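As stored in structure07.pdb (PDB, C-alpha atoms, pLDDT in the B column):
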```pdb
ATOM      1  CA  MET V   1     249.631 -91.412 198.330  1.00 96.00           C
ATOM      2  CA  LEU V   2     249.597 -88.149 196.426  1.00 97.00           C
ATOM      3  CA  LEU V   3     249.636 -87.061 192.811  1.00 97.00           C
ATOM      4  CA  GLY V   4     252.777 -85.636 191.295  1.00 98.00           C
ATOM      5  CA  ARG V   5     254.213 -84.530 187.973  1.00 98.00           C
ATOM      6  CA  VAL V   6     257.654 -85.756 186.968  1.00 98.00           C
ATOM      7  CA  VAL V   7     259.666 -82.659 186.123  1.00 98.00           C
ATOM      8  CA  GLY V   8     263.170 -84.033 185.772  1.00 97.00           C
ATOM      9  CA  THR V   9     265.690 -86.758 186.434  1.00 97.00           C
ATOM     10  CA  VAL V  10     268.422 -87.014 189.040  1.00 97.00           C
ATOM     11  CA  VAL V  11     271.581 -89.011 188.396  1.00 96.00           C
ATOM     12  CA  PRO V  12     273.549 -89.662 191.578  1.00 95.00           C
ATOM     13  CA  CYS V  13     277.132 -90.849 191.172  1.00 95.00           C
ATOM     14  CA  VAL V  14     277.512 -92.360 194.638  1.00 96.00           C
ATOM     15  CA  VAL V  15     274.577 -93.885 196.507  1.00 96.00           C
ATOM     16  CA  TYR V  16     274.030 -95.800 199.714  1.00 96.00           C
ATOM     17  CA  GLU V  17     274.213 -99.571 199.303  1.00 96.00           C
ATOM     18  CA  GLY V  18     270.952-100.980 197.988  1.00 95.00           C
ATOM     19  CA  LEU V  19     270.135 -97.906 195.914  1.00 96.00           C
ATOM     20  CA  GLU V  20     272.423 -98.716 192.997  1.00 95.00           C
ATOM     21  CA  GLY V  21     270.481 -98.506 189.747  1.00 94.00           C
ATOM     22  CA  VAL V  22     267.294 -97.161 191.299  1.00 96.00           C
ATOM     23  CA  PRO V  23     265.959 -94.343 189.109  1.00 97.00           C
ATOM     24  CA  MET V  24     265.596 -91.007 190.883  1.00 97.00           C
ATOM     25  CA  LEU V  25     263.167 -88.429 189.500  1.00 98.00           C
ATOM     26  CA  MET V  26     262.256 -84.862 190.365  1.00 98.00           C
ATOM     27  CA  VAL V  27     258.569 -84.815 191.254  1.00 98.00           C
ATOM     28  CA  GLN V  28     256.386 -81.754 191.670  1.00 98.00           C
ATOM     29  CA  PRO V  29     253.593 -82.516 194.189  1.00 98.00           C
ATOM     30  CA  LEU V  30     250.102 -81.610 192.985  1.00 96.00           C
ATOM     31  CA  ASP V  31     246.904 -80.730 194.807  1.00 93.00           C
ATOM     32  CA  LYS V  32     243.605 -82.493 194.115  1.00 88.00           C
ATOM     33  CA  LYS V  33     242.899 -80.216 191.153  1.00 87.00           C
ATOM     34  CA  GLY V  34     246.274 -80.844 189.560  1.00 91.00           C
ATOM     35  CA  ALA V  35     247.896 -77.535 190.477  1.00 94.00           C
ATOM     36  CA  SER V  36     251.421 -77.447 191.906  1.00 96.00           C
ATOM     37  CA  ARG V  37     251.647 -77.545 195.672  1.00 95.00           C
ATOM     38  CA  GLY V  38     254.916 -76.745 197.402  1.00 96.00           C
ATOM     39  CA  GLY V  39     258.369 -77.377 196.034  1.00 97.00           C
ATOM     40  CA  PRO V  40     259.621 -80.371 194.065  1.00 97.00           C
ATOM     41  CA  LEU V  41     261.115 -83.436 195.727  1.00 97.00           C
ATOM     42  CA  VAL V  42     263.296 -86.339 194.626  1.00 98.00           C
ATOM     43  CA  ALA V  43     261.561 -89.715 194.502  1.00 98.00           C
ATOM     44  CA  ALA V  44     262.789 -93.199 193.690  1.00 98.00           C
ATOM     45  CA  ASP V  45     260.836 -94.880 190.893  1.00 98.00           C
ATOM     46  CA  SER V  46     259.551 -98.375 191.676  1.00 97.00           C
ATOM     47  CA  THR V  47     257.966 -98.670 188.211  1.00 97.00           C
ATOM     48  CA  ARG V  48     261.324 -97.878 186.560  1.00 96.00           C
ATOM     49  CA  MET V  49     259.303 -96.501 183.655  1.00 96.00           C
ATOM     50  CA  ALA V  50     258.242 -93.007 184.636  1.00 97.00           C
ATOM     51  CA  GLY V  51     259.769 -90.040 182.852  1.00 96.00           C
ATOM     52  CA  PRO V  52     259.564 -86.265 182.650  1.00 97.00           C
ATOM     53  CA  GLY V  53     256.077 -84.918 181.948  1.00 97.00           C
ATOM     54  CA  GLU V  54     254.210 -87.912 183.312  1.00 97.00           C
ATOM     55  CA  LEU V  55     251.512 -87.818 185.973  1.00 97.00           C
ATOM     56  CA  VAL V  56     252.351 -90.270 188.753  1.00 98.00           C
ATOM     57  CA  TYR V  57     251.288 -91.175 192.256  1.00 98.00           C
ATOM     58  CA  TYR V  58     253.862 -91.593 194.960  1.00 98.00           C
ATOM     59  CA  GLU V  59     254.050 -92.839 198.514  1.00 97.00           C
ATOM     60  CA  GLY V  60     255.964 -91.172 201.299  1.00 96.00           C
ATOM     61  CA  GLY V  61     257.474 -92.344 204.573  1.00 94.00           C
ATOM     62  CA  ARG V  62     258.473 -95.881 205.518  1.00 93.00           C
ATOM     63  CA  GLU V  63     256.199 -97.344 202.856  1.00 95.00           C
ATOM     64  CA  ALA V  64     258.268 -95.618 200.170  1.00 97.00           C
ATOM     65  CA  ALA V  65     261.207 -97.901 200.899  1.00 96.00           C
ATOM     66  CA  LEU V  66     258.976-100.989 201.009  1.00 96.00           C
ATOM     67  CA  ALA V  67     258.251-100.494 197.306  1.00 97.00           C
ATOM     68  CA  LEU V  68     261.882-101.142 196.442  1.00 96.00           C
ATOM     69  CA  ALA V  69     264.022-104.263 196.504  1.00 93.00           C
ATOM     70  CA  PRO V  70     265.939-104.434 198.758  1.00 94.00           C
ATOM     71  CA  SER V  71     263.391-102.621 200.889  1.00 92.00           C
ATOM     72  CA  PHE V  72     265.641-101.575 203.767  1.00 93.00           C
ATOM     73  CA  VAL V  73     267.014 -98.538 201.965  1.00 96.00           C
ATOM     74  CA  PRO V  74     267.157 -94.852 202.868  1.00 96.00           C
ATOM     75  CA  VAL V  75     264.329 -93.529 200.695  1.00 97.00           C
ATOM     76  CA  ASP V  76     261.417 -91.337 201.754  1.00 96.00           C
ATOM     77  CA  HIS V  77     259.393 -90.924 198.545  1.00 98.00           C
ATOM     78  CA  THR V  78     258.789 -93.537 195.859  1.00 98.00           C
ATOM     79  CA  ILE V  79     256.734 -93.407 192.684  1.00 98.00           C
ATOM     80  CA  ILE V  80     254.245 -96.295 192.832  1.00 98.00           C
ATOM     81  CA  GLY V  81     252.462 -95.929 189.504  1.00 97.00           C
ATOM     82  CA  ILE V  82     251.913 -93.887 186.366  1.00 98.00           C
ATOM     83  CA  VAL V  83     248.433 -92.416 185.997  1.00 97.00           C
ATOM     84  CA  ASP V  84     246.588 -93.405 182.809  1.00 96.00           C
ATOM     85  CA  ALA V  85     243.338 -91.647 183.658  1.00 94.00           C
ATOM     86  CA  HIS V  86     242.321 -89.431 186.526  1.00 91.00           C
ATOM     87  CA  GLU V  87     238.594 -88.786 186.865  1.00 89.00           C
ATOM     88  CA  THR V  88     237.258 -86.197 189.226  1.00 86.00           C
ATOM     89  CA  VAL V  89     233.604 -85.895 190.231  1.00 83.00           C
ATOM     90  CA  ALA V  90     231.897 -82.531 190.350  1.00 67.00           C
ATOM     91  CA  GLU V  91     233.031 -80.429 193.270  1.00 59.00           C
ATOM     92  CA  ALA V  92     229.499 -79.749 194.513  1.00 51.00           C
ATOM     93  CA  ALA V  93     228.093 -83.268 194.302  1.00 50.00           C
ATOM     94  CA  PRO V  94     224.953 -83.308 196.421  1.00 53.00           C
ATOM     95  CA  ALA V  95     225.089 -85.367 199.572  1.00 53.00           C
ATOM     96  CA  GLN V  96     223.263 -88.627 199.091  1.00 53.00           C
ATOM     97  CA  PRO V  97     220.042 -88.802 201.086  1.00 51.00           C
ATOM     98  CA  GLY V  98     220.438 -91.018 204.106  1.00 49.00           C
ATOM     99  CA  ARG V  99     224.184 -91.381 203.630  1.00 48.00           C
ATOM    100  CA  SER V 100     225.377 -88.252 205.304  1.00 46.00           C
ATOM    101  CA  THR V 101     224.129 -85.877 207.911  1.00 45.00           C
ATOM    102  CA  ARG V 102     225.204 -82.327 208.243  1.00 45.00           C
ATOM    103  CA  SER V 103     225.073 -81.123 211.790  1.00 43.00           C
TER     104      SER V 103
ATOM    105  CA  MET X 104     241.481 -92.407 210.928  1.00 95.00           C
ATOM    106  CA  ILE X 105     240.407 -89.746 208.456  1.00 96.00           C
ATOM    107  CA  LEU X 106     236.937 -88.653 207.416  1.00 97.00           C
ATOM    108  CA  GLY X 107     236.748 -87.915 203.727  1.00 97.00           C
ATOM    109  CA  ARG X 108     234.729 -87.912 200.554  1.00 96.00           C
ATOM    110  CA  VAL X 109     235.551 -89.773 197.363  1.00 97.00           C
ATOM    111  CA  VAL X 110     236.161 -87.191 194.649  1.00 95.00           C
ATOM    112  CA  GLY X 111     237.827 -89.202 191.936  1.00 94.00           C
ATOM    113  CA  THR X 112     239.323 -92.377 190.581  1.00 95.00           C
ATOM    114  CA  ILE X 113     242.799 -93.261 189.348  1.00 95.00           C
ATOM    115  CA  THR X 114     243.527 -95.877 186.744  1.00 95.00           C
ATOM    116  CA  SER X 115     247.011 -96.974 185.874  1.00 96.00           C
ATOM    117  CA  THR X 116     248.607 -99.742 183.874  1.00 96.00           C
ATOM    118  CA  ILE X 117     252.200 -99.306 184.906  1.00 97.00           C
ATOM    119  CA  ASN X 118     252.432 -99.596 188.657  1.00 97.00           C
ATOM    120  CA  HIS X 119     254.142-101.445 191.465  1.00 97.00           C
ATOM    121  CA  PRO X 120     253.076-105.141 191.317  1.00 96.00           C
ATOM    122  CA  PHE X 121     251.415-104.844 194.730  1.00 97.00           C
ATOM    123  CA  TYR X 122     248.904-102.446 193.156  1.00 97.00           C
ATOM    124  CA  ASP X 123     247.901-104.764 190.313  1.00 96.00           C
ATOM    125  CA  ALA X 124     244.086-105.082 190.219  1.00 94.00           C
ATOM    126  CA  ARG X 125     243.595-102.766 193.170  1.00 96.00           C
ATOM    127  CA  LYS X 126     241.091 -99.942 193.055  1.00 97.00           C
ATOM    128  CA  LEU X 127     242.471 -96.503 193.804  1.00 97.00           C
ATOM    129  CA  LEU X 128     240.273 -93.591 194.773  1.00 97.00           C
ATOM    130  CA  VAL X 129     241.041 -89.943 195.378  1.00 96.00           C
ATOM    131  CA  VAL X 130     239.659 -88.887 198.760  1.00 97.00           C
ATOM    132  CA  GLU X 131     239.448 -85.301 199.944  1.00 96.00           C
ATOM    133  CA  ARG X 132     239.489 -84.726 203.661  1.00 96.00           C
ATOM    134  CA  THR X 133     236.363 -83.276 205.168  1.00 96.00           C
ATOM    135  CA  ASP X 134     235.453 -81.863 208.542  1.00 94.00           C
ATOM    136  CA  ALA X 135     232.803 -83.527 210.704  1.00 92.00           C
ATOM    137  CA  ALA X 136     230.045 -81.602 208.903  1.00 92.00           C
ATOM    138  CA  GLY X 137     231.227 -82.830 205.508  1.00 92.00           C
ATOM    139  CA  ALA X 138     232.767 -79.576 204.279  1.00 94.00           C
ATOM    140  CA  PRO X 139     235.883 -80.215 202.160  1.00 94.00           C
ATOM    141  CA  LEU X 140     239.332 -79.338 203.437  1.00 94.00           C
ATOM    142  CA  ALA X 141     242.294 -78.587 201.164  1.00 92.00           C
ATOM    143  CA  ASP X 142     244.047 -81.883 201.896  1.00 94.00           C
ATOM    144  CA  TYR X 143     243.537 -85.075 199.886  1.00 96.00           C
ATOM    145  CA  LEU X 144     245.036 -88.513 199.508  1.00 96.00           C
ATOM    146  CA  ILE X 145     244.918 -91.523 197.209  1.00 97.00           C
ATOM    147  CA  ALA X 146     243.802 -94.707 198.941  1.00 98.00           C
ATOM    148  CA  ILE X 147     243.118 -98.351 198.101  1.00 98.00           C
ATOM    149  CA  ASP X 148     239.408 -99.157 198.303  1.00 97.00           C
ATOM    150  CA  THR X 149     238.404-102.275 200.253  1.00 97.00           C
ATOM    151  CA  VAL X 150     234.700-101.541 200.746  1.00 97.00           C
ATOM    152  CA  ASP X 151     233.407-100.788 197.225  1.00 96.00           C
ATOM    153  CA  ALA X 152     233.106 -97.074 197.776  1.00 96.00           C
ATOM    154  CA  GLY X 153     232.199 -94.817 194.882  1.00 93.00           C
ATOM    155  CA  ALA X 154     232.249 -91.208 193.792  1.00 92.00           C
ATOM    156  CA  GLY X 155     230.588 -88.898 196.296  1.00 94.00           C
ATOM    157  CA  ASP X 156     230.575 -91.393 199.168  1.00 95.00           C
ATOM    158  CA  ARG X 157     231.707 -90.203 202.562  1.00 96.00           C
ATOM    159  CA  VAL X 158     234.366 -92.647 203.695  1.00 97.00           C
ATOM    160  CA  LEU X 159     236.627 -93.585 206.551  1.00 97.00           C
ATOM    161  CA  VAL X 160     240.301 -93.816 205.587  1.00 98.00           C
ATOM    162  CA  LEU X 161     242.955 -95.626 207.564  1.00 97.00           C
ATOM    163  CA  ASP X 162     246.197 -93.691 207.006  1.00 97.00           C
ATOM    164  CA  GLU X 163     248.743 -95.858 208.788  1.00 96.00           C
ATOM    165  CA  GLY X 164     251.020 -98.403 207.180  1.00 95.00           C
ATOM    166  CA  ASN X 165     250.930-101.367 209.556  1.00 96.00           C
ATOM    167  CA  GLY X 166     247.142-101.282 209.871  1.00 96.00           C
ATOM    168  CA  ALA X 167     246.784-100.906 206.117  1.00 97.00           C
ATOM    169  CA  ARG X 168     249.010-103.920 205.470  1.00 97.00           C
ATOM    170  CA  GLN X 169     246.989-105.915 207.999  1.00 97.00           C
ATOM    171  CA  VAL X 170     243.768-105.033 206.156  1.00 96.00           C
ATOM    172  CA  LEU X 171     245.317-106.156 202.867  1.00 97.00           C
ATOM    173  CA  ALA X 172     246.915-109.266 204.398  1.00 97.00           C
ATOM    174  CA  SER X 173     250.392-108.225 203.295  1.00 96.00           C
ATOM    175  CA  LYS X 174     253.636-108.317 205.229  1.00 95.00           C
ATOM    176  CA  ASP X 175     255.583-105.809 203.223  1.00 94.00           C
ATOM    177  CA  GLY X 176     253.263-104.070 200.764  1.00 96.00           C
ATOM    178  CA  PRO X 177     254.152-100.437 200.055  1.00 97.00           C
ATOM    179  CA  VAL X 178     250.792 -99.127 201.227  1.00 97.00           C
ATOM    180  CA  ARG X 179     249.697 -96.654 203.865  1.00 97.00           C
ATOM    181  CA  SER X 180     246.168 -95.473 203.031  1.00 97.00           C
ATOM    182  CA  VAL X 181     243.151 -97.775 202.824  1.00 98.00           C
ATOM    183  CA  ILE X 182     239.439 -96.949 202.681  1.00 98.00           C
ATOM    184  CA  VAL X 183     237.920 -99.107 205.403  1.00 97.00           C
ATOM    185  CA  GLY X 184     234.373 -97.791 205.745  1.00 97.00           C
ATOM    186  CA  ILE X 185     231.505 -95.918 204.150  1.00 97.00           C
ATOM    187  CA  VAL X 186     230.022 -93.364 206.492  1.00 96.00           C
ATOM    188  CA  ASP X 187     226.266 -93.138 207.003  1.00 95.00           C
ATOM    189  CA  ALA X 188     226.189 -90.336 209.500  1.00 94.00           C
ATOM    190  CA  VAL X 189     228.444 -88.217 211.653  1.00 94.00           C
ATOM    191  CA  THR X 190     227.097 -86.491 214.708  1.00 92.00           C
ATOM    192  CA  ALA X 191     229.327 -83.762 216.054  1.00 85.00           C
ATOM    193  CA  SER X 192     228.399 -81.391 218.804  1.00 77.00           C
TER     194      SER X 192
END
```
Turn this file's structure into structure tokens for me.
Amino acid sequence: MLLGRVVGTVVPCVVYEGLEGVPMLMVQPLDKKGASRGGPLVAADSTRMAGPGELVYYEGGREAALALAPSFVPVDHTIIGIVDAHETVAEAAPAQPGRSTRS
Amino acid sequence: MILGRVVGTITSTINHPFYDARKLLVVERTDAAGAPLADYLIAIDTVDAGAGDRVLVLDEGNGARQVLASKDGPVRSVIVGIVDAVTAS
């Protein structure tokens, strides 16, 4: 899964069977520091509660469709959850003695 | 599988029901020496990993669902190990 920012909504008028009523949102993928990475994509919303401006995490690939009901639908990105808090540890955290070996 | 390092946590209240009470961690990919790469992913933790730990991430849906004993969970990435040492020549 990756982090994304909801930047808009998409309202399709005709959809493939099984996708009726599934919210579609524009999502801007983010890198690990929260900066935009690449162009936006359209994702289905399995929470049905995400909206523009919110930080979300989304799944891609076959698993994206599994988050929906019915799950055999043509979807390749789905929002799985809305982020309440996102903590990041210091970038240069020292390696823990005995837990990692640099070669 | 992917070698990585835990760099953060994600908490969320509103999520897909499959993710209720599951621990999500942000993992950055690393090379064999432990140097960070640009790529990252969010994975479910099954081994009680914590911030700074070097971890092994399974990034494949069917294996991930097997680990979590689910037939149709919308999951692809699972932390399945904490790494003690990597020896690369």
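Taking CA of Arg48 (chain V) and CA of Ala146 (chain X) as the two end points, the separation is 21.7 Å.
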So what do you get for CA of Tyr58 (chain V) versus CA of Asp134 (chain X), distance-wise?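 CA of Asp134 (chain X) lies at a distance of 24.9 Å from CA of Tyr58 (chain V).
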Would you kindly report the residues of chain X within 9 Å of chain V, using all atoms listed in the file, as a PyMOL selection string? chain X and resi 109-122+129-131+135-138+141-146+154-157+164+175-180+185-192
Those same residues - C-alpha atoms - I'd like them written as a PDB file, in the frame of the given file.
```pdb
ATOM      1  CA  VAL X 109     235.551 -89.773 197.363  1.00 97.00           C
ATOM      2  CA  VAL X 110     236.161 -87.191 194.649  1.00 95.00           C
ATOM      3  CA  GLY X 111     237.827 -89.202 191.936  1.00 94.00           C
ATOM      4  CA  THR X 112     239.323 -92.377 190.581  1.00 95.00           C
ATOM      5  CA  ILE X 113     242.799 -93.261 189.348  1.00 95.00           C
ATOM      6  CA  THR X 114     243.527 -95.877 186.744  1.00 95.00           C
ATOM      7  CA  SER X 115     247.011 -96.974 185.874  1.00 96.00           C
ATOM      8  CA  THR X 116     248.607 -99.742 183.874  1.00 96.00           C
ATOM      9  CA  ILE X 117     252.200 -99.306 184.906  1.00 97.00           C
ATOM     10  CA  ASN X 118     252.432 -99.596 188.657  1.00 97.00           C
ATOM     11  CA  HIS X 119     254.142-101.445 191.465  1.00 97.00           C
ATOM     12  CA  PRO X 120     253.076-105.141 191.317  1.00 96.00           C
ATOM     13  CA  PHE X 121     251.415-104.844 194.730  1.00 97.00           C
ATOM     14  CA  TYR X 122     248.904-102.446 193.156  1.00 97.00           C
ATOM     15  CA  VAL X 129     241.041 -89.943 195.378  1.00 96.00           C
ATOM     16  CA  VAL X 130     239.659 -88.887 198.760  1.00 97.00           C
ATOM     17  CA  GLU X 131     239.448 -85.301 199.944  1.00 96.00           C
ATOM     18  CA  ALA X 135     232.803 -83.527 210.704  1.00 92.00           C
ATOM     19  CA  ALA X 136     230.045 -81.602 208.903  1.00 92.00           C
ATOM     20  CA  GLY X 137     231.227 -82.830 205.508  1.00 92.00           C
ATOM     21  CA  ALA X 138     232.767 -79.576 204.279  1.00 94.00           C
ATOM     22  CA  ALA X 141     242.294 -78.587 201.164  1.00 92.00           C
ATOM     23  CA  ASP X 142     244.047 -81.883 201.896  1.00 94.00           C
ATOM     24  CA  TYR X 143     243.537 -85.075 199.886  1.00 96.00           C
ATOM     25  CA  LEU X 144     245.036 -88.513 199.508  1.00 96.00           C
ATOM     26  CA  ILE X 145     244.918 -91.523 197.209  1.00 97.00           C
ATOM     27  CA  ALA X 146     243.802 -94.707 198.941  1.00 98.00           C
ATOM     28  CA  ALA X 154     232.249 -91.208 193.792  1.00 92.00           C
ATOM     29  CA  GLY X 155     230.588 -88.898 196.296  1.00 94.00           C
ATOM     30  CA  ASP X 156     230.575 -91.393 199.168  1.00 95.00           C
ATOM     31  CA  ARG X 157     231.707 -90.203 202.562  1.00 96.00           C
ATOM     32  CA  GLY X 164     251.020 -98.403 207.180  1.00 95.00           C
ATOM     33  CA  ASP X 175     255.583-105.809 203.223  1.00 94.00           C
ATOM     34  CA  GLY X 176     253.263-104.070 200.764  1.00 96.00           C
ATOM     35  CA  PRO X 177     254.152-100.437 200.055  1.00 97.00           C
ATOM     36  CA  VAL X 178     250.792 -99.127 201.227  1.00 97.00           C
ATOM     37  CA  ARG X 179     249.697 -96.654 203.865  1.00 97.00           C
ATOM     38  CA  SER X 180     246.168 -95.473 203.031  1.00 97.00           C
ATOM     39  CA  ILE X 185     231.505 -95.918 204.150  1.00 97.00           C
ATOM     40  CA  VAL X 186     230.022 -93.364 206.492  1.00 96.00           C
ATOM     41  CA  ASP X 187     226.266 -93.138 207.003  1.00 95.00           C
ATOM     42  CA  ALA X 188     226.189 -90.336 209.500  1.00 94.00           C
ATOM     43  CA  VAL X 189     228.444 -88.217 211.653  1.00 94.00           C
ATOM     44  CA  THR X 190     227.097 -86.491 214.708  1.00 92.00           C
ATOM     45  CA  ALA X 191     229.327 -83.762 216.054  1.00 85.00           C
ATOM     46  CA  SER X 192     228.399 -81.391 218.804  1.00 77.00           C
TER      47      SER X 192
END
```
One number please: CA of Asp123 (chain X) to CA of Val181 (chain X), in Å, one decimal.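 Between CA of Asp123 (chain X) and CA of Val181 (chain X) the gap works out to 15.1 Å.
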Apply the PyMOL selection byres ((chain V and resi 13-27) around 9) to the displayed file and report the matching residues as an MDAnalysis selection string. chainID V and resid 4:12 28:29 39:46 48:52 56 68:75 78:79
Hey, can you pull every residue with an atom no more than 6 Å from (234.8, -88.0, 206.4), using all atoms listed in the file, and send it as a PDB file with C-alpha atoms, keeping the file's coordinate frame?
```
ATOM      1  CA  LEU X 106     236.937 -88.653 207.416  1.00 97.00           C
ATOM      2  CA  GLY X 107     236.748 -87.915 203.727  1.00 97.00           C
ATOM      3  CA  ARG X 108     234.729 -87.912 200.554  1.00 96.00           C
ATOM      4  CA  THR X 133     236.363 -83.276 205.168  1.00 96.00           C
ATOM      5  CA  ARG X 157     231.707 -90.203 202.562  1.00 96.00           C
ATOM      6  CA  VAL X 158     234.366 -92.647 203.695  1.00 97.00           C
ATOM      7  CA  LEU X 159     236.627 -93.585 206.551  1.00 97.00           C
TER       8      LEU X 159
END
```
Which residue is closest to Leu140 (chain X)? Choose from X:Val183, X:Ile105, X:Leu128, X:Arg168 and count only C-alpha atoms. X:Ile105
